[in-house]
Amino acid sequence: MSLSQIALVGTGGKVFLDGNLIAYIKSINIKVTGDFEDIESCGSFETDYAYTGCKCEGTMEVTRVNSNLNVEVLDDFKNGRMTMHTIVSRLTNQNTNQTESYSVENVVFTEVTPVETKKGVLTQSIPFKCSLPKVLSSIA
């Protein structure tokens, strides 16, 4: 089996926001980062560390087709009541039909760009914070 038969390709992916397919998503990136505190010990030139927790954040890039999400996030910021969303991401290897999928809850959008005008198709980068992803399926 060649690498091209096992390599994951983004066109085999689907992303759902609150159960609705995001038809015009260009990319999504969700990253979990560990928080560590340095521990300096007398008599050692090495710095050890202690794990103190983690955070999860991400960014979606979408082709703009309407103003719905912008209006919702602006309203959340204005009223101080943040709407919690759920993102489900599914990526299928088209050659093997194996799928990896994740569910990410407590998604809160942290930035919005309601005004942008330029020549060409408008895309929008939408950063967010969220809970740790739950593995729904994985590719072995």
# chains A, B, ... in the order shown; residues from 1 in each chain; ligands from 1

$ select_by_dssp --residues "chain A" --states "alpha helix (DSSP H)" --output "VMD selection string"
chain A and resid 3 to 6 68 to 79

$ write_last_selection --atoms "all heavy atoms" --output "compact mmCIF listing (two decimals), in the first residue's frame"
# COMPACT_ATOMS: atom_id res chain seq x y z
N LEU A 3 1.85 5.41 0.23
CA LEU A 3 1.51 6.49 1.16
C LEU A 3 0.26 7.24 0.71
O LEU A 3 -0.56 7.65 1.53
CB LEU A 3 2.69 7.46 1.30
CG LEU A 3 2.49 8.62 2.26
CD1 LEU A 3 2.20 8.11 3.66
CD2 LEU A 3 3.70 9.54 2.27
N SER A 4 0.07 7.39 -0.60
CA SER A 4 -1.11 8.12 -1.08
C SER A 4 -2.41 7.39 -0.76
O SER A 4 -3.47 8.00 -0.72
CB SER A 4 -1.00 8.37 -2.59
OG SER A 4 -1.04 7.14 -3.30
N GLN A 5 -2.34 6.09 -0.53
CA GLN A 5 -3.54 5.34 -0.18
C GLN A 5 -3.88 5.42 1.30
O GLN A 5 -4.99 5.14 1.69
CB GLN A 5 -3.39 3.87 -0.58
CG GLN A 5 -3.36 3.67 -2.08
CD GLN A 5 -3.10 2.23 -2.43
OE1 GLN A 5 -2.20 1.59 -1.90
NE2 GLN A 5 -3.91 1.72 -3.35
N ILE A 6 -2.90 5.80 2.14
CA ILE A 6 -3.18 5.87 3.56
C ILE A 6 -3.17 7.30 4.10
O ILE A 6 -3.60 7.53 5.21
CB ILE A 6 -2.19 5.00 4.37
CG1 ILE A 6 -0.74 5.41 4.09
CG2 ILE A 6 -2.41 3.54 4.08
CD1 ILE A 6 0.28 4.69 4.95
N ASN A 68 -25.01 35.49 10.10
CA ASN A 68 -25.63 34.90 11.29
C ASN A 68 -24.67 34.76 12.48
O ASN A 68 -24.99 35.18 13.59
CB ASN A 68 -26.22 33.53 10.96
CG ASN A 68 -27.34 33.62 9.95
OD1 ASN A 68 -27.82 34.70 9.64
ND2 ASN A 68 -27.73 32.49 9.40
N LEU A 69 -23.50 34.17 12.27
CA LEU A 69 -22.58 33.95 13.38
C LEU A 69 -22.03 35.29 13.89
O LEU A 69 -21.91 35.48 15.09
CB LEU A 69 -21.44 33.03 12.96
CG LEU A 69 -20.55 32.51 14.08
CD1 LEU A 69 -21.38 31.81 15.16
CD2 LEU A 69 -19.50 31.58 13.54
N ASN A 70 -21.74 36.22 12.99
CA ASN A 70 -21.26 37.54 13.41
C ASN A 70 -22.28 38.23 14.31
O ASN A 70 -21.92 38.79 15.35
CB ASN A 70 -20.97 38.42 12.20
CG ASN A 70 -19.72 38.01 11.46
OD1 ASN A 70 -18.90 37.29 11.99
ND2 ASN A 70 -19.60 38.46 10.24
N VAL A 71 -23.53 38.20 13.92
CA VAL A 71 -24.59 38.85 14.70
C VAL A 71 -24.70 38.19 16.07
O VAL A 71 -24.81 38.87 17.09
CB VAL A 71 -25.93 38.81 13.94
CG1 VAL A 71 -27.08 39.25 14.82
CG2 VAL A 71 -25.85 39.68 12.68
N GLU A 72 -24.65 36.86 16.12
CA GLU A 72 -24.77 36.14 17.39
C GLU A 72 -23.61 36.46 18.32
O GLU A 72 -23.81 36.73 19.51
CB GLU A 72 -24.82 34.63 17.15
CG GLU A 72 -24.92 33.83 18.43
CD GLU A 72 -24.88 32.35 18.19
OE1 GLU A 72 -25.67 31.85 17.36
OE2 GLU A 72 -24.05 31.68 18.83
N VAL A 73 -22.38 36.44 17.81
CA VAL A 73 -21.21 36.70 18.66
C VAL A 73 -21.21 38.16 19.13
O VAL A 73 -20.93 38.42 20.30
CB VAL A 73 -19.90 36.35 17.92
CG1 VAL A 73 -18.69 36.75 18.74
CG2 VAL A 73 -19.85 34.85 17.61
N LEU A 74 -21.56 39.09 18.27
CA LEU A 74 -21.67 40.49 18.69
C LEU A 74 -22.69 40.65 19.80
O LEU A 74 -22.47 41.38 20.78
CB LEU A 74 -22.03 41.39 17.51
CG LEU A 74 -20.89 41.72 16.56
CD1 LEU A 74 -21.45 42.43 15.32
CD2 LEU A 74 -19.84 42.57 17.22
N ASP A 75 -23.82 39.98 19.67
CA ASP A 75 -24.85 40.04 20.70
C ASP A 75 -24.35 39.44 22.02
O ASP A 75 -24.61 39.97 23.09
CB ASP A 75 -26.11 39.31 20.22
CG ASP A 75 -27.30 39.52 21.14
OD1 ASP A 75 -27.59 40.70 21.45
OD2 ASP A 75 -27.93 38.53 21.54
N ASP A 76 -23.61 38.31 21.93
CA ASP A 76 -23.02 37.70 23.13
C ASP A 76 -22.10 38.69 23.84
O ASP A 76 -22.16 38.86 25.05
CB ASP A 76 -22.23 36.44 22.77
CG ASP A 76 -23.11 35.25 22.44
OD1 ASP A 76 -24.35 35.34 22.61
OD2 ASP A 76 -22.56 34.23 21.99
N PHE A 77 -21.22 39.34 23.07
CA PHE A 77 -20.29 40.31 23.66
C PHE A 77 -21.04 41.47 24.29
O PHE A 77 -20.70 41.93 25.38
CB PHE A 77 -19.32 40.84 22.61
CG PHE A 77 -18.25 39.86 22.19
CD1 PHE A 77 -17.52 40.09 21.04
CD2 PHE A 77 -17.96 38.72 22.93
CE1 PHE A 77 -16.52 39.22 20.64
CE2 PHE A 77 -16.96 37.84 22.53
CZ PHE A 77 -16.24 38.09 21.38
N LYS A 78 -22.07 41.93 23.63
CA LYS A 78 -22.85 43.08 24.11
C LYS A 78 -23.57 42.76 25.41
O LYS A 78 -23.61 43.58 26.33
CB LYS A 78 -23.86 43.50 23.03
CG LYS A 78 -24.74 44.65 23.42
CD LYS A 78 -25.71 44.95 22.28
CE LYS A 78 -26.74 45.96 22.70
NZ LYS A 78 -27.73 46.17 21.64
N ASN A 79 -24.14 41.56 25.51
CA ASN A 79 -24.96 41.19 26.66
C ASN A 79 -24.19 40.43 27.75
O ASN A 79 -24.73 40.20 28.83
CB ASN A 79 -26.16 40.35 26.21
CG ASN A 79 -27.09 41.17 25.33
OD1 ASN A 79 -27.44 42.29 25.67
ND2 ASN A 79 -27.46 40.62 24.18

$ residues_around --residues "A:Glu57" --least-positions-apart "4" --cutoff "9 Å" --atoms "only C-alpha atoms" --output "list in words"
Asn29, Ile30, Lys31, Val32, Thr33, Val107, Pro127, Phe128, Lys129, Cys130, Ser131 and Leu132 of chain A

$ atom_distance --atom1 "atom CA of A:Val88" --atom2 "atom CA of A:Pro114"
24.5 Å

$ select_by_dssp --residues "chain A" --states "strand (DSSP E or B)" --output "number ranges by chain"
A: 13-17, 20-21, 25-40, 47-63, 85-92, 99-109, 123-130, 134-137

$ residues_around --residues "A:Thr11" --least-positions-apart "6" --cutoff "12 Å" --atoms "only C-alpha atoms" --output "ChimeraX atom specification"
/A:23-27,90-94

$ write_last_selection --atoms "N, CA, C and O atoms" --output "PDB file, in the first residue's frame"
ATOM      1  N   ALA A  23     -21.108  24.025   5.614  1.00  0.00           N
ATOM      2  CA  ALA A  23     -20.865  23.680   4.223  1.00  0.00           C
ATOM      3  C   ALA A  23     -19.665  24.405   3.638  1.00  0.00           C
ATOM      4  O   ALA A  23     -19.016  23.896   2.729  1.00  0.00           O
ATOM      5  N   TYR A  24     -19.356  25.579   4.144  1.00  0.00           N
ATOM      6  CA  TYR A  24     -18.319  26.396   3.529  1.00  0.00           C
ATOM      7  C   TYR A  24     -17.084  26.546   4.415  1.00  0.00           C
ATOM      8  O   TYR A  24     -16.430  27.569   4.392  1.00  0.00           O
ATOM      9  N   ILE A  25     -16.758  25.501   5.170  1.00  0.00           N
ATOM     10  CA  ILE A  25     -15.562  25.567   6.008  1.00  0.00           C
ATOM     11  C   ILE A  25     -14.326  25.346   5.138  1.00  0.00           C
ATOM     12  O   ILE A  25     -14.319  24.502   4.255  1.00  0.00           O
ATOM     13  N   LYS A  26     -13.320  26.157   5.365  1.00  0.00           N
ATOM     14  CA  LYS A  26     -12.052  26.005   4.650  1.00  0.00           C
ATOM     15  C   LYS A  26     -11.069  25.204   5.487  1.00  0.00           C
ATOM     16  O   LYS A  26     -10.325  24.385   4.960  1.00  0.00           O
ATOM     17  N   SER A  27     -11.067  25.445   6.822  1.00  0.00           N
ATOM     18  CA  SER A  27     -10.169  24.694   7.697  1.00  0.00           C
ATOM     19  C   SER A  27     -10.624  24.840   9.136  1.00  0.00           C
ATOM     20  O   SER A  27     -11.366  25.757   9.478  1.00  0.00           O
ATOM     21  N   ARG A  90     -15.223  15.333  11.623  1.00  0.00           N
ATOM     22  CA  ARG A  90     -15.092  13.959  11.149  1.00  0.00           C
ATOM     23  C   ARG A  90     -14.207  13.971   9.904  1.00  0.00           C
ATOM     24  O   ARG A  90     -14.449  14.738   8.977  1.00  0.00           O
ATOM     25  N   LEU A  91     -13.161  13.147   9.898  1.00  0.00           N
ATOM     26  CA  LEU A  91     -12.255  13.058   8.758  1.00  0.00           C
ATOM     27  C   LEU A  91     -12.149  11.595   8.341  1.00  0.00           C
ATOM     28  O   LEU A  91     -11.780  10.738   9.144  1.00  0.00           O
ATOM     29  N   THR A  92     -12.500  11.321   7.087  1.00  0.00           N
ATOM     30  CA  THR A  92     -12.518   9.954   6.573  1.00  0.00           C
ATOM     31  C   THR A  92     -11.454   9.781   5.505  1.00  0.00           C
ATOM     32  O   THR A  92     -11.341  10.606   4.602  1.00  0.00           O
ATOM     33  N   ASN A  93     -10.677   8.716   5.624  1.00  0.00           N
ATOM     34  CA  ASN A  93      -9.725   8.357   4.584  1.00  0.00           C
ATOM     35  C   ASN A  93     -10.534   7.746   3.446  1.00  0.00           C
ATOM     36  O   ASN A  93     -11.166   6.702   3.619  1.00  0.00           O
ATOM     37  N   GLN A  94     -10.528   8.376   2.296  1.00  0.00           N
ATOM     38  CA  GLN A  94     -11.366   7.959   1.173  1.00  0.00           C
ATOM     39  C   GLN A  94     -10.972   6.583   0.623  1.00  0.00           C
ATOM     40  O   GLN A  94     -11.798   5.905   0.015  1.00  0.00           O
TER      41      GLN A  94
END

$ residues_around --residues "A:Leu136" --least-positions-apart "3" --cutoff "8 Å" --atoms "only C-alpha atoms" --output "list of chain:residue names"
A:Glu100, A:Ser101, A:Tyr102, A:Ser103

$ atom_distance --atom1 "atom CA of A:Gly80" --atom2 "atom CA of A:Phe109"
12.5 Å

$ closest_residue --among "A:Val115, A:Ala7, A:Ile39, A:Val135" --to "A:Ser89" --atoms "only C-alpha atoms"
A:Val135

$ closest_residue --among "A:Cys42, A:Ile126, A:Ala50, A:Leu17" --to "A:Val62" --atoms "only C-alpha atoms"
A:Ile126

$ closest_residue --among "A:Glu46, A:Asp35, A:Glu116, A:Glu105" --to "A:Asp18" --atoms "only C-alpha atoms"
A:Glu105
